[in-house]
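Asks: Next comes final-v1.pdb, PDB, C-alpha atoms:
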ATOM      1  CA  MET A  26      -4.486 -21.357  -4.049
ATOM      2  CA  ILE A  27      -2.799 -18.277  -5.528
ATOM      3  CA  ARG A  28      -4.823 -16.081  -3.194
ATOM      4  CA  TYR A  29      -3.366 -17.850  -0.150
ATOM      5  CA  LEU A  30       0.159 -17.513  -1.527
ATOM      6  CA  ARG A  31      -0.426 -13.798  -2.016
ATOM      7  CA  TYR A  32      -1.754 -13.429   1.542
ATOM      8  CA  GLY A  33       1.222 -15.385   2.867
ATOM      9  CA  PHE A  34       3.665 -13.191   0.957
ATOM     10  CA  LEU A  35       1.955 -10.011   2.196
ATOM     11  CA  ALA A  36       2.011 -11.293   5.778
ATOM     12  CA  ALA A  37       5.730 -12.109   5.523
ATOM     13  CA  LEU A  38       6.422  -8.679   4.004
ATOM     14  CA  ALA A  39       4.460  -6.982   6.796
ATOM     15  CA  LEU A  40       6.418  -8.953   9.391
ATOM     16  CA  VAL A  41       9.744  -7.959   7.829
ATOM     17  CA  LEU A  42       8.723  -4.286   7.660
ATOM     18  CA  LEU A  43       7.456  -4.338  11.240
ATOM     19  CA  THR A  44      10.704  -5.918  12.427
ATOM     20  CA  LEU A  45      12.685  -3.304  10.497
ATOM     21  CA  ALA A  46      10.619  -0.509  12.047
ATOM     22  CA  LEU A  47      11.037  -1.853  15.587
ATOM     23  CA  ALA A  48      14.778  -2.321  15.160
ATOM     24  CA  ASN A  49      15.287   1.224  13.800
ATOM     25  CA  ARG A  50      13.273   3.469  16.107
ATOM     26  CA  GLU A  51      16.182   5.753  16.973
ATOM     27  CA  PRO A  52      15.712   9.355  15.895
ATOM     28  CA  VAL A  53      17.951  10.612  13.127
ATOM     29  CA  THR A  54      18.420  14.145  11.874
ATOM     30  CA  LEU A  55      17.801  14.679   8.185
ATOM     31  CA  LYS A  56      19.196  17.816   6.655
ATOM     32  CA  LEU A  57      16.989  18.908   3.802
ATOM     33  CA  LEU A  58      19.329  21.636   2.517
ATOM     34  CA  PRO A  59      23.033  22.335   2.885
ATOM     35  CA  ALA A  60      23.648  24.550   5.937
ATOM     36  CA  GLU A  61      24.816  27.578   3.940
ATOM     37  CA  LEU A  62      21.830  27.512   1.601
ATOM     38  CA  ALA A  63      19.387  27.045   4.483
ATOM     39  CA  GLU A  64      20.865  30.050   6.290
ATOM     40  CA  TYR A  65      20.732  32.171   3.132
ATOM     41  CA  LEU A  66      17.074  31.271   2.447
ATOM     42  CA  ASN A  67      16.192  31.433   6.151
ATOM     43  CA  LEU A  68      14.499  28.026   6.016
ATOM     44  CA  PRO A  69      14.648  25.257   8.582
ATOM     45  CA  TYR A  70      17.128  22.850   7.136
ATOM     46  CA  GLN A  71      16.793  19.783   9.319
ATOM     47  CA  MET A  72      14.212  17.562  10.899
ATOM     48  CA  THR A  73      14.401  14.695  13.329
ATOM     49  CA  VAL A  74      12.434  11.543  12.505
ATOM     50  CA  PRO A  75      12.711   7.870  13.412
ATOM     51  CA  LEU A  76      15.097   6.028  11.113
ATOM     52  CA  PHE A  77      12.448   3.594   9.860
ATOM     53  CA  LEU A  78      10.283   6.509   8.637
ATOM     54  CA  ALA A  79      13.217   7.857   6.665
ATOM     55  CA  LEU A  80      13.820   4.393   5.182
ATOM     56  CA  PHE A  81      10.155   3.871   4.265
ATOM     57  CA  ALA A  82       9.935   7.360   2.768
ATOM     58  CA  MET A  83      12.958   6.689   0.564
ATOM     59  CA  ILE A  84      11.457   3.364  -0.577
ATOM     60  CA  ALA A  85       8.165   5.095  -1.426
ATOM     61  CA  LEU A  86       9.996   7.889  -3.240
ATOM     62  CA  GLY A  87      11.993   5.358  -5.248
ATOM     63  CA  LEU A  88       8.817   3.524  -6.256
ATOM     64  CA  LEU A  89       7.159   6.775  -7.272
ATOM     65  CA  VAL A  90      10.128   7.829  -9.406
ATOM     66  CA  GLY A  91      10.209   4.368 -11.003
ATOM     67  CA  PHE A  92       6.489   4.457 -11.854
ATOM     68  CA  ILE A  93       6.764   7.924 -13.372
ATOM     69  CA  TRP A  94       9.874   6.914 -15.334
ATOM     70  CA  GLU A  95       8.092   3.867 -16.776
ATOM     71  CA  TRP A  96       4.994   5.899 -17.628
ATOM     72  CA  PHE A  97       7.096   8.311 -19.685
ATOM     73  CA  ARG A  98       9.133   5.478 -21.226
ATOM     74  CA  GLU A  99       6.013   3.620 -22.386
ATOM     75  CA  HIS A 100       4.294   6.726 -23.773
ATOM     76  CA  LYS A 101       5.294   5.918 -27.352
ATOM     77  CA  HIS A 102       3.803   2.430 -27.050
ATOM     78  CA  ARG A 103       0.498   3.769 -25.715
ATOM     79  CA  ALA A 104       0.363   6.404 -28.463
ATOM     80  CA  GLU A 105       0.990   3.763 -31.146
ATOM     81  CA  ALA A 106      -1.711   1.491 -29.692
ATOM     82  CA  ALA A 107      -4.201   4.379 -29.670
ATOM     83  CA  ARG A 108      -3.321   5.212 -33.288
ATOM     84  CA  GLN A 109      -3.830   1.598 -34.361
ATOM     85  CA  ALA A 110      -7.155   1.442 -32.512
ATOM     86  CA  ARG A 111      -8.341   4.572 -34.351
ATOM     87  CA  GLU A 112      -7.269   3.080 -37.687
ATOM     88  CA  ALA A 113      -9.037  -0.206 -36.937
ATOM     89  CA  LYS A 114     -12.234   1.616 -35.992
ATOM     90  CA  LYS A 115     -12.057   3.683 -39.173
ATOM     91  CA  ALA A 116     -11.488   0.535 -41.276
ATOM     92  CA  LYS A 117     -14.452  -1.237 -39.645
ATOM     93  CA  LYS A 118     -16.694   1.736 -40.390
ATOM     94  CA  ALA A 119     -15.506   1.805 -44.001
ATOM     95  CA  LEU A 120     -16.097  -1.944 -44.366
ATOM     96  CA  ALA A 121     -19.575  -1.693 -42.876
ATOM     97  CA  ALA A 122     -20.410   1.195 -45.213
ATOM     98  CA  GLU A 123     -19.137  -0.784 -48.218
ATOM     99  CA  ARG A 124     -21.192  -3.861 -47.261
ATOM    100  CA  THR A 125     -24.401  -1.914 -46.810
ATOM    101  CA  LYS A 126     -23.868   0.170 -49.961
ATOM    102  CA  ASP A 127     -24.109  -2.600 -52.541
ATOM    103  CA  GLY A 128     -25.070  -5.602 -50.481
ATOM    104  CA  PRO A 129     -23.380  -8.964 -50.958
ATOM    105  CA  GLN A 130     -22.715  -9.881 -54.595
ATOM    106  CA  ASP A 131     -23.024 -13.645 -54.289
ATOM    107  CA  ASP A 132     -24.532 -16.304 -52.012
ATOM    108  CA  VAL A 133     -21.257 -17.132 -50.205
ATOM    109  CA  LEU A 134     -20.778 -13.528 -49.151
ATOM    110  CA  ALA A 135     -24.401 -13.371 -48.053
ATOM    111  CA  LEU A 136     -23.807 -16.413 -45.812
ATOM    112  CA  LEU A 137     -20.653 -14.831 -44.366
ATOM    113  CA  ASP A 138     -22.442 -11.579 -43.602
ATOM    114  CA  ALA A 139     -25.253 -13.336 -41.733
ATOM    115  CA  PRO A 140     -23.864 -16.511 -40.112
ATOM    116  CA  GLY A 141     -26.935 -17.048 -37.915
ATOM    117  CA  LYS A 142     -29.299 -17.263 -40.905
ATOM    118  CA  ALA A 143     -28.053 -20.485 -42.500
TER     119      ALA A 143
END
Hey, can you dump this file as structure tokens for me?
Replies:
Amino acid sequence: MIRYLRYGFLAALALVLLTLALANREPVTLKLLPAELAEYLNLPYQMTVPLFLALFAMIALGLLVGFIWEWFREHKHRAEAARQAREAKKAKKALAAERTKDGPQDDVLALLDAPGKA
């Protein structure tokens, strides 16, 4: 059921984007640098593209900036999770070494160490 809702949403989104592209086919001139700077650097400072391409490019650029921003913002959480995973692994190794060193001291601990052998 969820799969069909997802396909329906994607189809509606595609229809909206297609309608937007067809309604905005006029060429627009985008200036990439201010005129004075472009003349000083001797670089082409403008390009002509359909309006919908400029719109879609700005949407894609905004998504990319947002993803990168979130990746940097969540870095501390990922680092903390990695640190905790290392500590848990180290603690499990220490516990396993302790259990094999002396063996279980009483019958209850022996049953807990080997639950399939009851």
Asks: For CA of Leu55 in chain A and CA of Pro75 in chain A, determine how far apart the two atoms are, in Å to one decimal place.
Replies: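 Spanning CA of Leu55 in chain A to CA of Pro75 in chain A is a straight-line distance of 10.0 Å.
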Asks: Between CA of Phe81 in chain A and CA of Leu40 in chain A, what distance in Å does the model show, to one decimal?
Replies: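 CA of Phe81 in chain A sits 14.3 Å away from CA of Leu40 in chain A.
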Asks: Could you work out how far CA of Asn67 in chain A lies from CA of Val53 in chain A, giving the answer in Å with one decimal?
Replies: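 Between these atoms lies a distance of 22.0 Å.
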